[in-house]
Amino acid sequence: MPILSRMYFITAICFLIAGILVGLKMSIAHDYAAVGAHAHINLLGWVTMAVFGTFHALNPHGAATWLARAQYYVYTAGVLVMTPALYFLLTGNPSLEPVVAVASLVVFAGVLMFAAIIFRTRAG
């Protein structure tokens, strides 16, 4: 398995743990204000990163490219900033809205980079 796949899987499982902890906190407190952040942590962190890791495991040649490595760091940085900022925004800190907005654009840039990786990958 390419190192990039392993990096994605390690990062994904960390986000799954974080998402579960946020879900447990909401459930225990009976306060579901942060449900949007919980969903983003699990979907963008756990699921999407696991999909990225799987893609690179199945296409190891592409995982060794500069674009693939850069995409990992761009996407991961965006999610790492966006999800806690979104959590705090939803739980009562409206001043974090610009941080969420900029981080969301960084996440989107990472998705566009992954789209480029997919389109550049040759079948077979």
# chains A, B, ... in the order shown; residues from 1 in each chain; ligands from 1
>>> residues_around(residues="range 53-68 of chain A", least_positions_apart="2", cutoff="7 Å", atoms="only C-alpha atoms", output="list in words")
Met1, Pro2, Leu4, Ser5, Arg6, Tyr8, Phe9, Met49, Ala50, Val51, Ala70, Gln71, Tyr72, Ile117 and Thr121 of chain A
>>> write_last_selection(atoms="N, CA and C atoms", output="CSV table (one decimal), in the first residue's frame")
chain,number,residue,atom,x,y,z
A,1,MET,N,0.8,-1.2,0.0
A,1,MET,CA,0.0,0.0,0.0
A,1,MET,C,0.9,1.2,0.0
A,2,PRO,N,0.6,2.2,-0.9
A,2,PRO,CA,1.4,3.4,-0.9
A,2,PRO,C,1.3,4.2,0.5
A,4,LEU,N,0.9,7.2,0.9
A,4,LEU,CA,-0.2,8.2,0.9
A,4,LEU,C,-1.5,7.6,1.3
A,5,SER,N,-1.8,6.4,0.9
A,5,SER,CA,-3.0,5.7,1.3
A,5,SER,C,-3.0,5.5,2.8
A,6,ARG,N,-1.8,5.1,3.4
A,6,ARG,CA,-1.7,4.9,4.8
A,6,ARG,C,-2.0,6.2,5.6
A,8,TYR,N,-3.8,8.7,4.6
A,8,TYR,CA,-5.2,9.0,4.5
A,8,TYR,C,-6.0,8.1,5.5
A,9,PHE,N,-5.7,6.8,5.6
A,9,PHE,CA,-6.4,6.0,6.5
A,9,PHE,C,-6.1,6.4,8.0
A,49,MET,N,-11.9,10.9,3.3
A,49,MET,CA,-10.5,10.5,3.4
A,49,MET,C,-10.2,9.0,3.2
A,50,ALA,N,-11.2,8.2,3.6
A,50,ALA,CA,-11.1,6.8,3.4
A,50,ALA,C,-11.2,6.5,1.9
A,51,VAL,N,-12.1,7.2,1.2
A,51,VAL,CA,-12.3,7.0,-0.2
A,51,VAL,C,-11.0,7.5,-0.9
A,70,ALA,N,0.4,16.9,-2.5
A,70,ALA,CA,0.0,18.3,-2.2
A,70,ALA,C,-1.5,18.3,-1.9
A,71,GLN,N,-2.3,17.5,-2.6
A,71,GLN,CA,-3.7,17.4,-2.4
A,71,GLN,C,-4.0,16.9,-1.0
A,72,TYR,N,-3.2,15.9,-0.5
A,72,TYR,CA,-3.4,15.4,0.9
A,72,TYR,C,-3.3,16.6,1.9
A,117,ILE,N,-6.6,14.6,-10.2
A,117,ILE,CA,-5.9,13.3,-10.0
A,117,ILE,C,-6.7,12.2,-10.7
A,121,THR,N,-5.5,10.0,-14.1
A,121,THR,CA,-5.2,8.6,-13.9
A,121,THR,C,-5.7,7.8,-15.1
>>> closest_atom_pairs(of="range 17-42 of chain A", to="range 82-99 of chain A", cutoff="9 Å", atoms="only C-alpha atoms", output="CSV")
residue,atom,partner,partner_atom,distance
A:Ala33,CA,A:Thr91,CA,5.9
A:Ala34,CA,A:Leu90,CA,5.5
A:Val35,CA,A:Tyr87,CA,8.4
A:Gly36,CA,A:Tyr87,CA,7.7
A:Ala37,CA,A:Tyr87,CA,5.0
A:His38,CA,A:Tyr87,CA,7.7
A:His40,CA,A:Thr83,CA,6.6
A:Ile41,CA,A:Thr83,CA,6.0
>>> residues_around(residues="Val107 in chain A", least_positions_apart="5", cutoff="10 Å", atoms="only C-alpha atoms", output="list in words")
Leu44, Gln71, Val74, Tyr75, Thr76, Ala77, Gly78, Val79, Leu80, Val81, Met82, Ala101, Val102, Leu112 and Met113 of chain A
>>> write_last_selection(atoms="C-alpha atoms", output="mmCIF file, in the first residue's frame")
data_model
loop_
_atom_site.group_PDB
_atom_site.id
_atom_site.type_symbol
_atom_site.label_atom_id
_atom_site.label_comp_id
_atom_site.auth_asym_id
_atom_site.auth_seq_id
_atom_site.Cartn_x
_atom_site.Cartn_y
_atom_site.Cartn_z
ATOM 1 C CA LEU A 44 -15.289 15.047 5.113
ATOM 2 C CA GLN A 71 -3.713 17.382 -2.375
ATOM 3 C CA VAL A 74 -4.344 20.985 1.225
ATOM 4 C CA TYR A 75 -7.467 18.916 1.878
ATOM 5 C CA THR A 76 -6.384 17.800 5.345
ATOM 6 C CA ALA A 77 -5.461 21.336 6.407
ATOM 7 C CA GLY A 78 -8.834 22.606 5.238
ATOM 8 C CA VAL A 79 -10.769 19.947 7.141
ATOM 9 C CA LEU A 80 -8.597 20.367 10.251
ATOM 10 C CA VAL A 81 -9.383 24.076 10.362
ATOM 11 C CA MET A 82 -12.972 23.970 9.128
ATOM 12 C CA ALA A 101 -15.741 30.155 4.912
ATOM 13 C CA VAL A 102 -12.042 30.324 4.040
ATOM 14 C CA LEU A 112 -10.729 19.964 -7.177
ATOM 15 C CA MET A 113 -7.151 18.712 -6.895
#
>>> closest_residue(among="A:Ala39, A:Phe52, A:Ala103, A:Tyr73", to="Ala115 in chain A", atoms="only C-alpha atoms")
A:Phe52
>>> atom_distance(atom1="CA of Phe119 in chain A", atom2="CA of Phe15 in chain A")
27.0 Å
>>> select_by_dssp(residues="chain A", states="alpha helix (DSSP H)", output="number ranges by chain")
A: 3-29, 35-40, 48-58, 60-63, 66-90, 97-120
>>> write_last_selection(atoms="C-alpha atoms", output="CSV table (one decimal), in the first residue's frame")
chain,number,residue,atom,x,y,z
A,3,ILE,CA,2.4,5.6,2.0
A,4,LEU,CA,-0.2,8.2,0.9
A,5,SER,CA,-3.0,5.7,1.3
A,6,ARG,CA,-1.7,4.9,4.8
A,7,MET,CA,-1.6,8.6,5.7
A,8,TYR,CA,-5.2,9.0,4.5
A,9,PHE,CA,-6.4,6.0,6.5
A,10,ILE,CA,-4.6,7.1,9.7
A,11,THR,CA,-6.1,10.6,9.3
A,12,ALA,CA,-9.5,9.2,8.5
A,13,ILE,CA,-9.6,7.0,11.6
A,14,CYS,CA,-8.6,10.1,13.7
A,15,PHE,CA,-11.5,12.0,12.3
A,16,LEU,CA,-13.9,9.1,13.0
A,17,ILE,CA,-12.8,9.1,16.6
A,18,ALA,CA,-13.3,12.8,16.8
A,19,GLY,CA,-16.7,12.5,15.1
A,20,ILE,CA,-17.8,9.8,17.6
A,21,LEU,CA,-16.6,11.9,20.5
A,22,VAL,CA,-18.6,14.9,19.3
A,23,GLY,CA,-21.6,12.7,18.9
A,24,LEU,CA,-21.2,11.3,22.4
A,25,LYS,CA,-20.8,14.8,23.8
A,26,MET,CA,-24.0,16.0,22.1
A,27,SER,CA,-25.9,12.9,23.2
A,28,ILE,CA,-24.8,13.0,26.8
A,29,ALA,CA,-25.6,16.8,27.0
A,35,VAL,CA,-24.9,18.3,14.6
A,36,GLY,CA,-23.7,20.0,11.4
A,37,ALA,CA,-20.0,19.9,12.6
A,38,HIS,CA,-20.5,16.3,13.7
A,39,ALA,CA,-21.7,15.4,10.2
A,40,HIS,CA,-18.8,17.3,8.5
A,48,THR,CA,-14.0,11.1,2.1
A,49,MET,CA,-10.5,10.5,3.4
A,50,ALA,CA,-11.1,6.8,3.4
A,51,VAL,CA,-12.3,7.0,-0.2
A,52,PHE,CA,-9.2,9.0,-1.1
A,53,GLY,CA,-7.0,6.4,0.6
A,54,THR,CA,-8.7,3.6,-1.2
A,55,PHE,CA,-8.4,5.3,-4.6
A,56,HIS,CA,-4.6,5.7,-4.0
A,57,ALA,CA,-4.3,2.1,-2.8
A,58,LEU,CA,-5.9,1.0,-6.1
A,60,PRO,CA,-0.4,3.4,-6.5
A,61,HIS,CA,1.5,5.0,-9.4
A,62,GLY,CA,-0.6,8.1,-9.1
A,63,ALA,CA,-0.1,8.2,-5.3
A,66,TRP,CA,3.6,15.7,-6.4
A,67,LEU,CA,-0.1,16.6,-7.0
A,68,ALA,CA,-1.4,13.7,-4.9
A,69,ARG,CA,0.9,14.6,-2.0
A,70,ALA,CA,0.0,18.3,-2.2
A,71,GLN,CA,-3.7,17.4,-2.4
A,72,TYR,CA,-3.4,15.4,0.9
A,73,TYR,CA,-2.0,18.4,2.7
A,74,VAL,CA,-4.3,21.0,1.2
A,75,TYR,CA,-7.5,18.9,1.9
A,76,THR,CA,-6.4,17.8,5.3
A,77,ALA,CA,-5.5,21.3,6.4
A,78,GLY,CA,-8.8,22.6,5.2
A,79,VAL,CA,-10.8,19.9,7.1
A,80,LEU,CA,-8.6,20.4,10.3
A,81,VAL,CA,-9.4,24.1,10.4
A,82,MET,CA,-13.0,24.0,9.1
A,83,THR,CA,-14.5,21.3,11.4
A,84,PRO,CA,-13.5,22.7,14.8
A,85,ALA,CA,-14.3,26.3,13.6
A,86,LEU,CA,-17.7,25.0,12.4
A,87,TYR,CA,-18.2,23.3,15.8
A,88,PHE,CA,-17.5,26.5,17.7
A,89,LEU,CA,-19.6,28.6,15.2
A,90,LEU,CA,-22.6,26.4,15.7
A,97,GLU,CA,-17.8,32.4,10.3
A,98,PRO,CA,-15.0,33.9,8.1
A,99,VAL,CA,-12.7,31.1,9.3
A,100,VAL,CA,-15.2,28.5,8.3
A,101,ALA,CA,-15.7,30.2,4.9
A,102,VAL,CA,-12.0,30.3,4.0
A,103,ALA,CA,-11.4,26.8,5.3
A,104,SER,CA,-14.3,25.5,3.2
A,105,LEU,CA,-12.7,27.1,0.1
A,106,VAL,CA,-9.5,25.3,1.0
A,107,VAL,CA,-11.4,22.0,1.3
A,108,PHE,CA,-13.0,22.7,-2.1
A,109,ALA,CA,-9.6,23.3,-3.6
A,110,GLY,CA,-8.5,19.9,-2.2
A,111,VAL,CA,-11.5,18.3,-3.8
A,112,LEU,CA,-10.7,20.0,-7.2
A,113,MET,CA,-7.2,18.7,-6.9
A,114,PHE,CA,-8.5,15.2,-6.3
A,115,ALA,CA,-10.7,15.6,-9.4
A,116,ALA,CA,-7.6,16.4,-11.4
A,117,ILE,CA,-5.9,13.3,-10.0
A,118,ILE,CA,-8.8,11.2,-11.1
A,119,PHE,CA,-8.9,12.7,-14.6
A,120,ARG,CA,-5.2,12.2,-15.0
